[in-house]
Structures are given as C-alpha cells and as structure tokens.
file work_8.txt (compact mmCIF, C-alpha atoms and all ligand atoms)
# COMPACT_ATOMS: atom_id res chain seq x y z
CA MET A 3 -59.48 -99.90 -142.83
CA ASP A 4 -59.10 -96.86 -140.61
CA ALA A 5 -55.54 -97.74 -139.56
CA ILE A 6 -54.46 -97.71 -143.22
CA ARG A 7 -55.87 -94.19 -143.63
CA THR A 8 -54.09 -93.00 -140.48
CA ILE A 9 -50.76 -94.46 -141.63
CA THR A 10 -50.97 -93.14 -145.20
CA GLN A 11 -51.95 -89.68 -143.95
CA ARG A 12 -48.78 -89.58 -141.84
CA THR A 13 -46.38 -91.18 -144.30
CA LEU A 14 -47.75 -90.13 -147.71
CA GLN A 15 -46.19 -92.22 -150.49
CA PHE A 16 -44.23 -94.52 -148.15
CA ARG A 17 -44.78 -98.21 -148.91
CA PRO A 18 -43.22 -100.62 -146.38
CA ARG A 19 -42.04 -103.93 -147.85
CA ILE A 20 -41.00 -105.73 -144.67
CA ALA A 21 -43.04 -105.95 -141.48
CA VAL A 22 -41.03 -106.51 -138.31
CA VAL A 23 -42.25 -107.54 -134.85
CA LEU A 24 -39.89 -106.68 -132.01
CA GLY A 25 -39.99 -108.90 -128.94
CA SER A 26 -38.11 -108.55 -125.63
CA GLY A 27 -34.48 -107.59 -126.19
CA TRP A 28 -34.86 -106.48 -129.80
CA GLY A 29 -35.98 -102.88 -129.22
CA ASP A 30 -32.60 -101.40 -130.18
CA LEU A 31 -33.48 -102.09 -133.82
CA THR A 32 -35.39 -98.81 -133.98
CA GLY A 33 -32.05 -96.99 -133.47
CA TYR A 34 -31.04 -98.18 -136.95
CA LEU A 35 -34.07 -96.64 -138.68
CA SER A 36 -33.75 -93.57 -140.83
CA GLU A 37 -36.50 -91.10 -141.74
CA ALA A 38 -38.65 -92.78 -139.11
CA VAL A 39 -42.23 -91.82 -138.34
CA GLN A 40 -43.73 -93.21 -135.11
CA ILE A 41 -47.40 -93.86 -134.56
CA PRO A 42 -48.67 -95.14 -131.18
CA TYR A 43 -50.88 -98.24 -131.46
CA ALA A 44 -53.47 -96.22 -129.51
CA GLU A 45 -54.03 -94.16 -132.69
CA LEU A 46 -54.36 -97.21 -134.94
CA ALA A 47 -57.77 -98.89 -134.99
CA GLY A 48 -57.50 -102.63 -134.36
CA PHE A 49 -53.91 -102.53 -133.05
CA PRO A 50 -53.43 -104.11 -129.60
CA GLN A 51 -52.72 -102.31 -126.37
CA PRO A 52 -49.94 -104.45 -124.84
CA THR A 53 -49.96 -104.98 -121.09
CA VAL A 54 -46.44 -106.36 -120.68
CA ALA A 55 -43.59 -104.41 -119.04
CA GLY A 56 -40.71 -104.01 -121.46
CA HIS A 57 -42.99 -104.09 -124.50
CA SER A 58 -43.93 -100.78 -126.01
CA ALA A 59 -46.87 -100.16 -128.33
CA MET A 60 -45.56 -98.20 -131.27
CA LEU A 61 -45.51 -98.60 -135.04
CA TRP A 62 -42.36 -97.23 -136.67
CA LEU A 63 -42.20 -96.57 -140.41
CA GLY A 64 -38.84 -95.86 -141.97
CA TYR A 65 -35.81 -97.33 -143.71
CA LEU A 66 -33.21 -99.90 -142.73
CA GLY A 67 -30.52 -99.12 -145.29
CA ARG A 68 -32.66 -98.68 -148.40
CA GLN A 69 -35.30 -101.14 -147.25
CA PRO A 70 -38.69 -99.57 -146.42
CA VAL A 71 -39.95 -101.24 -143.25
CA ALA A 72 -42.83 -101.15 -140.77
CA VAL A 73 -41.60 -102.07 -137.30
CA MET A 74 -44.10 -103.10 -134.65
CA SER A 75 -42.59 -102.49 -131.27
CA GLY A 76 -44.93 -104.54 -129.12
CA ARG A 77 -47.23 -107.45 -129.85
CA GLN A 78 -50.26 -109.00 -128.24
CA HIS A 79 -49.63 -112.37 -126.59
CA GLY A 80 -52.20 -115.12 -126.17
CA TYR A 81 -51.73 -115.01 -122.42
CA GLU A 82 -52.91 -111.38 -122.20
CA THR A 83 -56.56 -111.97 -123.09
CA GLY A 84 -56.85 -115.62 -124.08
CA ALA A 85 -57.37 -114.60 -127.71
CA VAL A 86 -54.58 -115.60 -130.08
CA ASP A 87 -55.63 -113.40 -133.01
CA GLY A 88 -54.56 -110.08 -131.47
CA MET A 89 -52.10 -109.41 -134.28
CA ALA A 90 -54.54 -110.19 -137.11
CA VAL A 91 -55.48 -106.58 -137.92
CA PRO A 92 -51.91 -105.18 -137.73
CA LEU A 93 -50.67 -107.88 -140.11
CA GLN A 94 -53.60 -107.36 -142.51
CA VAL A 95 -52.90 -103.63 -142.51
CA LEU A 96 -49.19 -104.06 -143.20
CA ARG A 97 -49.90 -106.60 -145.93
CA GLN A 98 -52.27 -104.15 -147.57
CA LEU A 99 -49.72 -101.36 -147.32
CA GLY A 100 -47.30 -103.47 -149.37
CA CYS A 101 -45.36 -105.79 -147.04
CA HIS A 102 -44.34 -109.12 -148.57
CA THR A 103 -42.33 -110.45 -145.63
CA LEU A 104 -42.72 -110.65 -141.84
CA VAL A 105 -39.62 -110.74 -139.67
CA GLN A 106 -40.38 -111.78 -136.11
CA THR A 107 -38.26 -111.66 -132.99
CA ASN A 108 -38.71 -112.90 -129.44
CA ALA A 109 -36.97 -113.86 -126.23
CA ALA A 110 -36.89 -117.58 -125.52
CA GLY A 111 -35.67 -120.24 -123.13
CA SER A 112 -33.12 -122.75 -124.43
CA LEU A 113 -33.57 -126.50 -124.29
CA ARG A 114 -29.93 -127.13 -125.20
CA ARG A 115 -27.08 -126.59 -122.76
CA THR A 116 -24.83 -125.85 -125.73
CA MET A 117 -27.06 -122.86 -126.60
CA PRO A 118 -26.78 -120.72 -123.44
CA ALA A 119 -28.24 -117.31 -122.52
CA GLN A 120 -27.41 -114.56 -125.01
CA SER A 121 -27.32 -116.97 -127.94
CA LEU A 122 -29.26 -116.08 -131.07
CA MET A 123 -31.37 -118.75 -132.75
CA LEU A 124 -32.97 -118.79 -136.17
CA ILE A 125 -36.34 -120.55 -136.00
CA SER A 126 -36.51 -123.42 -138.49
CA ASP A 127 -39.96 -124.71 -137.51
CA HIS A 128 -42.36 -124.60 -134.58
CA LEU A 129 -44.46 -126.74 -132.29
CA ASN A 130 -47.90 -125.26 -131.62
CA LEU A 131 -48.29 -126.94 -128.24
CA PRO A 132 -51.49 -125.16 -127.10
CA GLN A 133 -53.01 -126.15 -130.47
CA ARG A 134 -54.63 -122.74 -130.67
CA SER A 135 -55.06 -120.99 -134.00
CA PRO A 136 -55.83 -117.38 -134.90
CA LEU A 137 -57.66 -118.71 -137.96
CA VAL A 138 -60.44 -120.46 -136.02
CA GLY A 139 -63.79 -119.08 -137.13
CA LEU A 140 -62.68 -118.03 -140.61
CA THR A 141 -64.43 -119.51 -143.61
CA GLY A 142 -63.18 -120.35 -147.08
CA THR A 143 -60.55 -122.80 -148.21
CA GLU A 144 -57.67 -120.35 -147.64
CA ARG A 145 -57.91 -121.10 -143.93
CA PHE A 146 -56.33 -124.53 -144.57
CA VAL A 147 -52.86 -123.03 -144.60
CA ASN A 148 -49.88 -125.17 -145.60
CA MET A 149 -47.32 -124.94 -142.79
CA VAL A 150 -44.47 -126.76 -144.58
CA ASP A 151 -41.53 -124.35 -144.82
CA ALA A 152 -43.52 -121.77 -142.84
CA TYR A 153 -40.14 -120.25 -141.93
CA ASP A 154 -38.95 -119.47 -145.43
CA PRO A 155 -35.88 -121.57 -146.40
CA ALA A 156 -34.42 -118.88 -148.68
CA LEU A 157 -34.75 -116.21 -145.97
CA ARG A 158 -33.12 -118.57 -143.46
CA GLU A 159 -30.21 -119.11 -145.82
CA HIS A 160 -29.94 -115.33 -146.23
CA ALA A 161 -29.89 -114.88 -142.42
CA ARG A 162 -27.18 -117.55 -142.05
CA GLN A 163 -25.08 -115.84 -144.72
CA VAL A 164 -25.38 -112.42 -143.08
CA ALA A 165 -24.49 -113.91 -139.68
CA ARG A 166 -21.48 -115.71 -141.17
CA SER A 167 -20.23 -112.67 -143.04
CA THR A 168 -20.52 -110.44 -139.97
CA GLY A 169 -19.01 -113.03 -137.60
CA VAL A 170 -22.12 -113.49 -135.44
CA ALA A 171 -22.88 -116.98 -134.10
CA LEU A 172 -26.38 -118.03 -135.10
CA PHE A 173 -27.97 -121.27 -133.88
CA GLU A 174 -30.96 -122.76 -135.65
CA GLY A 175 -33.79 -124.82 -134.21
CA VAL A 176 -37.40 -125.57 -133.42
CA TYR A 177 -39.42 -123.15 -131.26
CA ALA A 178 -42.09 -124.64 -129.02
CA TRP A 179 -44.94 -122.30 -128.17
CA PHE A 180 -46.37 -122.42 -124.64
CA LEU A 181 -49.37 -120.17 -123.96
CA GLY A 182 -48.01 -118.83 -120.64
CA PRO A 183 -47.95 -116.53 -118.82
CA GLN A 184 -46.52 -118.93 -116.23
CA PHE A 185 -43.13 -120.40 -117.08
CA GLU A 186 -42.95 -124.09 -117.88
CA THR A 187 -42.55 -126.88 -115.35
CA PRO A 188 -39.31 -128.87 -115.55
CA CYS A 189 -41.43 -131.78 -116.77
CA GLU A 190 -42.88 -129.68 -119.59
CA ILE A 191 -39.36 -128.70 -120.56
CA ARG A 192 -38.35 -132.37 -120.75
CA MET A 193 -41.46 -133.04 -122.85
CA ALA A 194 -40.55 -130.26 -125.28
CA GLN A 195 -37.02 -131.66 -125.55
CA LEU A 196 -38.40 -135.13 -126.29
CA LEU A 197 -40.64 -133.63 -128.98
CA GLY A 198 -37.62 -132.18 -130.73
CA ALA A 199 -37.82 -128.55 -129.67
CA ASP A 200 -34.72 -126.43 -129.13
CA ALA A 201 -36.30 -123.37 -127.51
CA VAL A 202 -39.51 -122.41 -125.72
CA GLY A 203 -41.45 -119.19 -125.64
CA MET A 204 -44.86 -117.55 -125.36
CA SER A 205 -45.28 -115.79 -128.70
CA THR A 206 -44.54 -115.80 -132.44
CA VAL A 207 -46.47 -118.92 -133.52
CA PRO A 208 -49.89 -117.20 -133.89
CA GLU A 209 -48.30 -114.43 -135.99
CA THR A 210 -46.54 -116.96 -138.19
CA ILE A 211 -49.87 -118.67 -138.86
CA LEU A 212 -51.56 -115.32 -139.60
CA ALA A 213 -48.72 -114.28 -141.88
CA ARG A 214 -48.78 -117.52 -143.87
CA HIS A 215 -52.54 -117.14 -144.25
CA LEU A 216 -51.91 -113.66 -145.71
CA GLY A 217 -49.20 -115.01 -148.03
CA LEU A 218 -46.34 -113.24 -146.24
CA ARG A 219 -42.94 -114.93 -146.11
CA VAL A 220 -41.73 -115.38 -142.52
CA LEU A 221 -38.32 -115.20 -140.89
CA ALA A 222 -38.03 -115.47 -137.09
CA LEU A 223 -35.19 -115.10 -134.60
CA SER A 224 -35.01 -115.86 -130.88
CA LEU A 225 -32.76 -114.23 -128.33
CA ILE A 226 -32.05 -116.85 -125.69
CA THR A 227 -32.36 -115.42 -122.18
CA ASN A 228 -32.14 -118.57 -120.04
CA LEU A 229 -32.00 -122.35 -119.97
CA GLY A 230 -35.44 -123.96 -119.68
CA ALA A 231 -37.02 -124.41 -116.25
CA GLY A 232 -35.22 -127.06 -114.21
CA MET A 233 -32.12 -127.12 -116.43
CA SER A 234 -30.17 -124.84 -114.06
CA GLN A 235 -30.43 -123.33 -110.58
CA GLU A 236 -31.54 -120.01 -112.09
CA GLN A 237 -34.85 -118.53 -110.85
CA LEU A 238 -36.93 -117.61 -113.89
CA SER A 239 -38.82 -114.33 -113.91
CA HIS A 240 -39.83 -111.65 -116.38
CA ALA A 241 -37.23 -109.30 -114.85
CA HIS A 242 -34.56 -111.96 -115.43
CA THR A 243 -35.67 -112.34 -119.06
CA LEU A 244 -35.44 -108.58 -119.64
CA ALA A 245 -32.07 -108.26 -117.87
CA GLN A 246 -30.55 -111.10 -119.91
CA ALA A 247 -32.08 -109.77 -123.12
CA ARG A 248 -30.55 -106.34 -122.50
CA ILE A 249 -27.04 -107.80 -122.41
CA ALA A 250 -27.34 -109.25 -125.91
CA SER A 251 -29.61 -106.60 -127.37
CA GLN A 252 -27.03 -104.61 -129.31
CA ARG A 253 -25.54 -107.65 -131.02
CA ALA A 254 -29.02 -108.99 -131.75
CA SER A 255 -30.32 -105.75 -133.24
CA SER A 256 -27.24 -105.10 -135.33
CA LEU A 257 -27.53 -108.58 -136.87
CA LEU A 258 -31.25 -108.05 -137.43
CA ALA A 259 -30.71 -104.68 -139.11
CA ASN A 260 -28.15 -106.24 -141.46
CA ILE A 261 -30.42 -109.14 -142.29
CA ILE A 262 -33.46 -106.96 -143.00
CA ALA A 263 -31.62 -104.29 -144.98
CA ASN A 264 -30.48 -106.96 -147.44
CA ILE A 265 -33.65 -109.02 -147.92
CA ASP A 266 -34.60 -109.19 -151.60
CA SER A 267 -38.15 -108.86 -152.81
CA PRO A 268 -39.74 -112.23 -153.58
CA PRO A 269 -39.50 -113.40 -157.19
N1 LIG B 301 -40.04 -119.95 -121.24
C1 LIG B 301 -40.99 -119.28 -121.93
N2 LIG B 301 -40.79 -118.09 -122.45
C2 LIG B 301 -39.59 -117.53 -122.28
C3 LIG B 301 -38.57 -118.16 -121.57
C4 LIG B 301 -38.80 -119.44 -121.03
O1 LIG B 301 -37.94 -120.08 -120.39
N3 LIG B 301 -37.50 -117.32 -121.58
C5 LIG B 301 -37.88 -116.22 -122.27
N4 LIG B 301 -39.15 -116.32 -122.70

call {"tool": "encode", "arguments": {"input": "work_8.txt", "output": "structure tokens", "more": "lines below"}}
Ligand code: HPA
result
Amino acid sequence: MDAIRTITQRTLQFRPRIAVVLGSGWGDLTGYLSEAVQIPYAELAGFPQPTVAGHSAMLWLGYLGRQPVAVMSGRQHGYETGAVDGMAVPLQVLRQLGCHTLVQTNAAGSLRRTMPAQSLMLISDHLNLPQRSPLVGLTGTERFVNMVDAYDPALREHARQVARSTGVALFEGVYAWFLGPQFETPCEIRMAQLLGADAVGMSTVPETILARHLGLRVLALSLITNLGAGMSQEQLSHAHTLAQARIASQRASSLLANIIANIDSPP
C-alpha cells in the first residue's frame, strides 16, 4: 500500500503499537506526543479528506510516554458521503504497521441527566441504529465478526483504574450511533433511552466494526457535550458541541494520554 511506503519513508524504523482516533474535543492529546512526525492525510493514499469544521486531517506518529502510537486527528463520518467505510484503509495501514489496539474518542450527547456536559464516558457497548456496516461487500467468513466484548473488557478495566488513580470521574455506558448529520429528534432520544443507550453520537461504530474485523482490540471514550435533544432548553449546534468540548478538552486529553501510555501489549 502506498500509504505504508510514505509513512515508513518518513519514520524509518518506527512501529506504532496503538492507533488513536481523535474526535471533537480530544485534539489536545497531540500536545503530549514526543518525537512526533506529522503527515497530512492529503499525502496518504486512501486516507479521507474530512469536511467537518474542528476536525483536522493529520496523522501523527510519536510516543506517549514510551508507547509508540499513530494518532489520527480527523476521521471520516458516514454523514459526509453516505459511505461508512471511509476509515477502512487508514485502519488497515495502521494494522499492517504494527498496531494491535485502536483507541477511539468522540463527542457525544448524554441520555442521562446524571451525566451532564463535560462528563467523560467509557463506551461499554454500542447500538448500530442505522444498521450500516463497513464490511458490506466483503467476501470470506472473516466478515462475520463477533461483536461480543467489542469494547475490550481488559482495556476498559485498565481505563477505569487509570481514571481512579488520577482522580478523574469516568462514567461507563452504551453509545448509540445515529448517522446524522442532523441532530436527533426528542422522540429519537427517548427511543434510544428505551433501548438502553446512555449516549448518542455520529461516529465510532463503523471504526469499531472495522477494527474488530482486523483483529484490533478497541477502547473508546466519549466526551459529553450536551444532554440529548429535548432533554433541556439548550439549542444544539456544531458550534455548541465544539465550545462545550473545548472546556473539558484538557482533562479529557490528560486522562487519555495516561491511559494510552500504560496499555500493555496483548498476551
Ligand atoms: N447527538 C449526536 N451527536 C452528538 C451530540 C448529540 O446530541 N452531541 C455531540 N455529538
């Protein structure tokens, strides 16, 4: 793959072990990288060209502590083109470069009043409400991916321990994926609550499916930017999401850096 050649030419012997996707509010993580090399997605064949304000399009390769990581600042969302496999090539490339784990982040709306804006939530499972899959069209039996424990239980326990030891409150719950780009109706929010979801958002689920197909372990964290539509008087907008995300971004990124730096290689 051409992108692999481009990356290895720039980084020589560097082998990332953890792939990270940064969503809205999580961009400060790159400030924790050492020996970082940046490559714009535009120079990487098959990487997406995001169209969303507040999302950049840059691959960072460097270290978090002693952990070699590949950080994708910017992802493709299903609502941008209708395709939900926009992150297939980037994840294949990072898997081939040596990543064993994918850490995902996003901004999300809360379905629980007790989990207000600026909360951090570990994703325990998801609801694929659009019932879209990035694996449609593939052949072979590997496409029948087992989605039990898609969000790795050992990595979740690790994240809880890091949060506890650093005194950061960390909720845990189910993420319901809506395709977007429109926000949900109040009725859709009530539906998601009835279905057992704790948060709603417009990303992450396709990448989790792709990652499990590639055999990557997955950990995912949401930064809550608002209560779901109709749960408060707040007017939802992308600007509001970004403004709320900015307030919590330092705490979120510092927790994330601690979690990633201390992830062990799989047995
Ligand atoms: N809905 C969907 N996506 C979101 C929301 C929301 O309320 N907040 C942040 N991303």

call {"tool": "residues_around", "arguments": {"input": "work_8.txt", "residues": "Glu37 (chain A)", "least_positions_apart": "4", "cutoff": "9 Å", "atoms": "only C-alpha atoms", "output": "list in words"}}
result
Leu63, Gly64 and Tyr65 of chain A

call {"tool": "residues_near_ligand", "arguments": {"input": "work_8.txt", "ligand": "ligand LIG 301 (chain B)", "cutoff": "6 Å", "atoms": "only C-alpha atoms and all ligand atoms", "output": "list in words"}}
result
Ala109, Ala110, Gly111, Phe185, Val202, Gly203, Met204, Thr227, Asn228, Gly230 and Thr243 of chain A

call {"tool": "atom_distance", "arguments": {"input": "work_8.txt", "atom1": "CA of Ser251 (chain A)", "atom2": "CA of Asp30 (chain A)"}}
result
6.6 Å

call {"tool": "residues_around", "arguments": {"input": "work_8.txt", "residues": "Arg134 (chain A)", "least_positions_apart": "4", "cutoff": "9 Å", "atoms": "only C-alpha atoms", "output": "PDB file with C-alpha atoms, in the coordinates of the input"}}
result
ATOM      1  CA  VAL A  86     -54.580-115.600-130.080  1.00  0.00           C
ATOM      2  CA  ASN A 130     -47.900-125.260-131.620  1.00  0.00           C
ATOM      3  CA  VAL A 138     -60.440-120.460-136.020  1.00  0.00           C
ATOM      4  CA  LEU A 181     -49.370-120.170-123.960  1.00  0.00           C
ATOM      5  CA  PRO A 208     -49.890-117.200-133.890  1.00  0.00           C
TER       6      PRO A 208
END

call {"tool": "atom_distance", "arguments": {"input": "work_8.txt", "atom1": "CA of Arg68 (chain A)", "atom2": "CA of Gln40 (chain A)"}}
result
18.1 Å

call {"tool": "atom_distance", "arguments": {"input": "work_8.txt", "atom1": "CA of Arg192 (chain A)", "atom2": "CA of Thr116 (chain A)"}}
result
15.8 Å

call {"tool": "closest_residue", "arguments": {"input": "work_8.txt", "among": "A:Ala213, A:Ala85, A:Ala165, A:Ile262", "to": "Ala72 (chain A)", "atoms": "only C-alpha atoms"}}
result
A:Ile262

call {"tool": "closest_residue", "arguments": {"input": "work_8.txt", "among": "A:Thr143, A:Ser167, A:Ser126, A:Ser234", "to": "Asn260 (chain A)", "atoms": "only C-alpha atoms"}}
result
A:Ser167

call {"tool": "residues_around", "arguments": {"input": "work_8.txt", "residues": "Leu122 (chain A)", "least_positions_apart": "6", "cutoff": "10 Å", "atoms": "all atoms listed in the file", "output": "CSV table (one decimal) with C-alpha atoms, keeping the file's coordinate frame"}}
result
chain,number,residue,atom,x,y,z
A,109,ALA,CA,-37.0,-113.9,-126.2
A,110,ALA,CA,-36.9,-117.6,-125.5
A,170,VAL,CA,-22.1,-113.5,-135.4
A,171,ALA,CA,-22.9,-117.0,-134.1
A,172,LEU,CA,-26.4,-118.0,-135.1
A,173,PHE,CA,-28.0,-121.3,-133.9
A,174,GLU,CA,-31.0,-122.8,-135.6
A,223,LEU,CA,-35.2,-115.1,-134.6
A,224,SER,CA,-35.0,-115.9,-130.9
A,225,LEU,CA,-32.8,-114.2,-128.3
A,226,ILE,CA,-32.0,-116.8,-125.7
A,227,THR,CA,-32.4,-115.4,-122.2
A,250,ALA,CA,-27.3,-109.2,-125.9
A,253,ARG,CA,-25.5,-107.6,-131.0
A,254,ALA,CA,-29.0,-109.0,-131.8
A,257,LEU,CA,-27.5,-108.6,-136.9

call {"tool": "residues_around", "arguments": {"input": "work_8.txt", "residues": "region 47-51 of chain A", "least_positions_apart": "6", "cutoff": "9 Å", "atoms": "only C-alpha atoms", "output": "list in words"}}
result
Met3, Asp4, Ala5, Ile6, Thr8, Ser58, Ala59, Gly76, Arg77, Gln78, Gly88, Met89, Ala90, Val91 and Pro92 of chain A

call {"tool": "residues_around", "arguments": {"input": "work_8.txt", "residues": "Phe146 (chain A)", "least_positions_apart": "5", "cutoff": "10 Å", "atoms": "all atoms listed in the file", "output": "PyMOL selection string"}}
result
chain A and resi 137+140-141+215

call {"tool": "residues_near_point", "arguments": {"input": "work_8.txt", "point": "(-36.3, -107.6, -119.0)", "cutoff": "10 Å", "atoms": "all atoms listed in the file", "output": "number ranges by chain"}}
result
A: 26-27, 55-57, 109, 227, 239-249

call {"tool": "closest_residue", "arguments": {"input": "work_8.txt", "among": "A:Leu113, A:Val73, A:Leu221, A:Ala178", "to": "Val23 (chain A)", "atoms": "all atoms listed in the file"}}
result
A:Val73

call {"tool": "closest_residue", "arguments": {"input": "work_8.txt", "among": "A:Ala263, A:Glu236, A:Arg158, A:Ser205", "to": "Tyr81 (chain A)", "atoms": "all atoms listed in the file"}}
result
A:Ser205

call {"tool": "closest_residue", "arguments": {"input": "work_8.txt", "among": "A:Leu124, A:Ile261, A:Val71, A:Leu212", "to": "Ile20 (chain A)", "atoms": "only C-alpha atoms"}}
result
A:Val71

call {"tool": "closest_residue", "arguments": {"input": "work_8.txt", "among": "A:Val164, A:Val207, A:Cys189, A:Leu61", "to": "Gln133 (chain A)", "atoms": "all atoms listed in the file"}}
result
A:Val207

call {"tool": "axis_aligned_box", "arguments": {"input": "work_8.txt", "around": "region 226-230 of chain A", "padding_each_side": "4 Å", "output": "AutoDock Vina command-line options"}}
result
--center_x -33.7 --center_y -119.7 --center_z -122.7 --size_x 11.4 --size_y 16.5 --size_z 14.0

call {"tool": "residues_near_point", "arguments": {"input": "work_8.txt", "point": "(-51.8, -125.7, -145.7)", "cutoff": "12 Å", "atoms": "only C-alpha atoms", "output": "PyMOL selection string"}}
result
chain A and resi 137+143-152+211+214-215+217

call {"tool": "build_atoms", "arguments": {"input": "work_8.txt", "residues": "region 228-237 of chain A", "atoms": "all heavy atoms", "output": "CSV table (one decimal), in the coordinates of the input"}}
result
chain,number,residue,atom,x,y,z
A,228,ASN,N,-32.3,-117.6,-121.2
A,228,ASN,CA,-32.1,-118.6,-120.0
A,228,ASN,C,-32.2,-120.0,-120.6
A,228,ASN,O,-32.7,-120.3,-121.7
A,228,ASN,CB,-33.3,-118.4,-119.0
A,228,ASN,CG,-34.6,-118.5,-119.6
A,228,ASN,OD1,-35.1,-117.5,-120.3
A,228,ASN,ND2,-35.2,-119.6,-119.5
A,229,LEU,N,-31.7,-120.9,-119.7
A,229,LEU,CA,-32.0,-122.4,-120.0
A,229,LEU,C,-33.4,-122.6,-119.5
A,229,LEU,O,-33.9,-122.0,-118.5
A,229,LEU,CB,-31.0,-123.2,-119.2
A,229,LEU,CG,-29.5,-123.2,-119.8
A,229,LEU,CD1,-28.6,-124.0,-118.9
A,229,LEU,CD2,-29.5,-123.7,-121.2
A,230,GLY,N,-34.1,-123.6,-120.1
A,230,GLY,CA,-35.4,-124.0,-119.7
A,230,GLY,C,-35.5,-124.3,-118.2
A,230,GLY,O,-34.6,-124.7,-117.6
A,231,ALA,N,-36.8,-124.2,-117.7
A,231,ALA,CA,-37.0,-124.4,-116.2
A,231,ALA,C,-36.5,-125.8,-115.8
A,231,ALA,O,-36.7,-126.8,-116.5
A,231,ALA,CB,-38.5,-124.4,-116.0
A,232,GLY,N,-35.8,-125.8,-114.7
A,232,GLY,CA,-35.2,-127.1,-114.2
A,232,GLY,C,-33.9,-127.5,-114.8
A,232,GLY,O,-33.3,-128.4,-114.3
A,233,MET,N,-33.4,-126.8,-115.8
A,233,MET,CA,-32.1,-127.1,-116.4
A,233,MET,C,-31.0,-126.5,-115.7
A,233,MET,O,-29.8,-126.8,-116.0
A,233,MET,CB,-32.1,-126.7,-117.9
A,233,MET,CG,-33.0,-127.5,-118.8
A,233,MET,SD,-33.0,-126.9,-120.5
A,233,MET,CE,-31.4,-127.4,-121.1
A,234,SER,N,-31.2,-125.5,-114.8
A,234,SER,CA,-30.2,-124.8,-114.1
A,234,SER,C,-30.8,-124.4,-112.7
A,234,SER,O,-32.0,-124.5,-112.5
A,234,SER,CB,-29.6,-123.7,-114.8
A,234,SER,OG,-30.5,-122.5,-114.7
A,235,GLN,N,-30.0,-123.8,-111.9
A,235,GLN,CA,-30.4,-123.3,-110.6
A,235,GLN,C,-31.1,-122.0,-110.7
A,235,GLN,O,-31.7,-121.5,-109.7
A,235,GLN,CB,-29.3,-123.2,-109.6
A,235,GLN,CG,-28.6,-124.6,-109.3
A,235,GLN,CD,-29.5,-125.6,-108.9
A,235,GLN,OE1,-30.4,-125.4,-108.0
A,235,GLN,NE2,-29.5,-126.8,-109.6
A,236,GLU,N,-31.0,-121.4,-111.9
A,236,GLU,CA,-31.5,-120.0,-112.1
A,236,GLU,C,-33.0,-119.9,-111.7
A,236,GLU,O,-33.8,-120.8,-112.1
A,236,GLU,CB,-31.4,-119.8,-113.6
A,236,GLU,CG,-31.0,-118.5,-114.1
A,236,GLU,CD,-30.6,-118.6,-115.5
A,236,GLU,OE1,-31.3,-119.2,-116.3
A,236,GLU,OE2,-29.5,-118.1,-115.9
A,237,GLN,N,-33.4,-118.8,-111.1
A,237,GLN,CA,-34.8,-118.5,-110.8
A,237,GLN,C,-35.4,-117.8,-112.0
A,237,GLN,O,-34.9,-116.7,-112.3
A,237,GLN,CB,-35.0,-117.7,-109.6
A,237,GLN,CG,-34.7,-118.4,-108.3
A,237,GLN,CD,-35.6,-119.6,-108.1
A,237,GLN,OE1,-36.8,-119.5,-108.2
A,237,GLN,NE2,-35.0,-120.8,-107.8
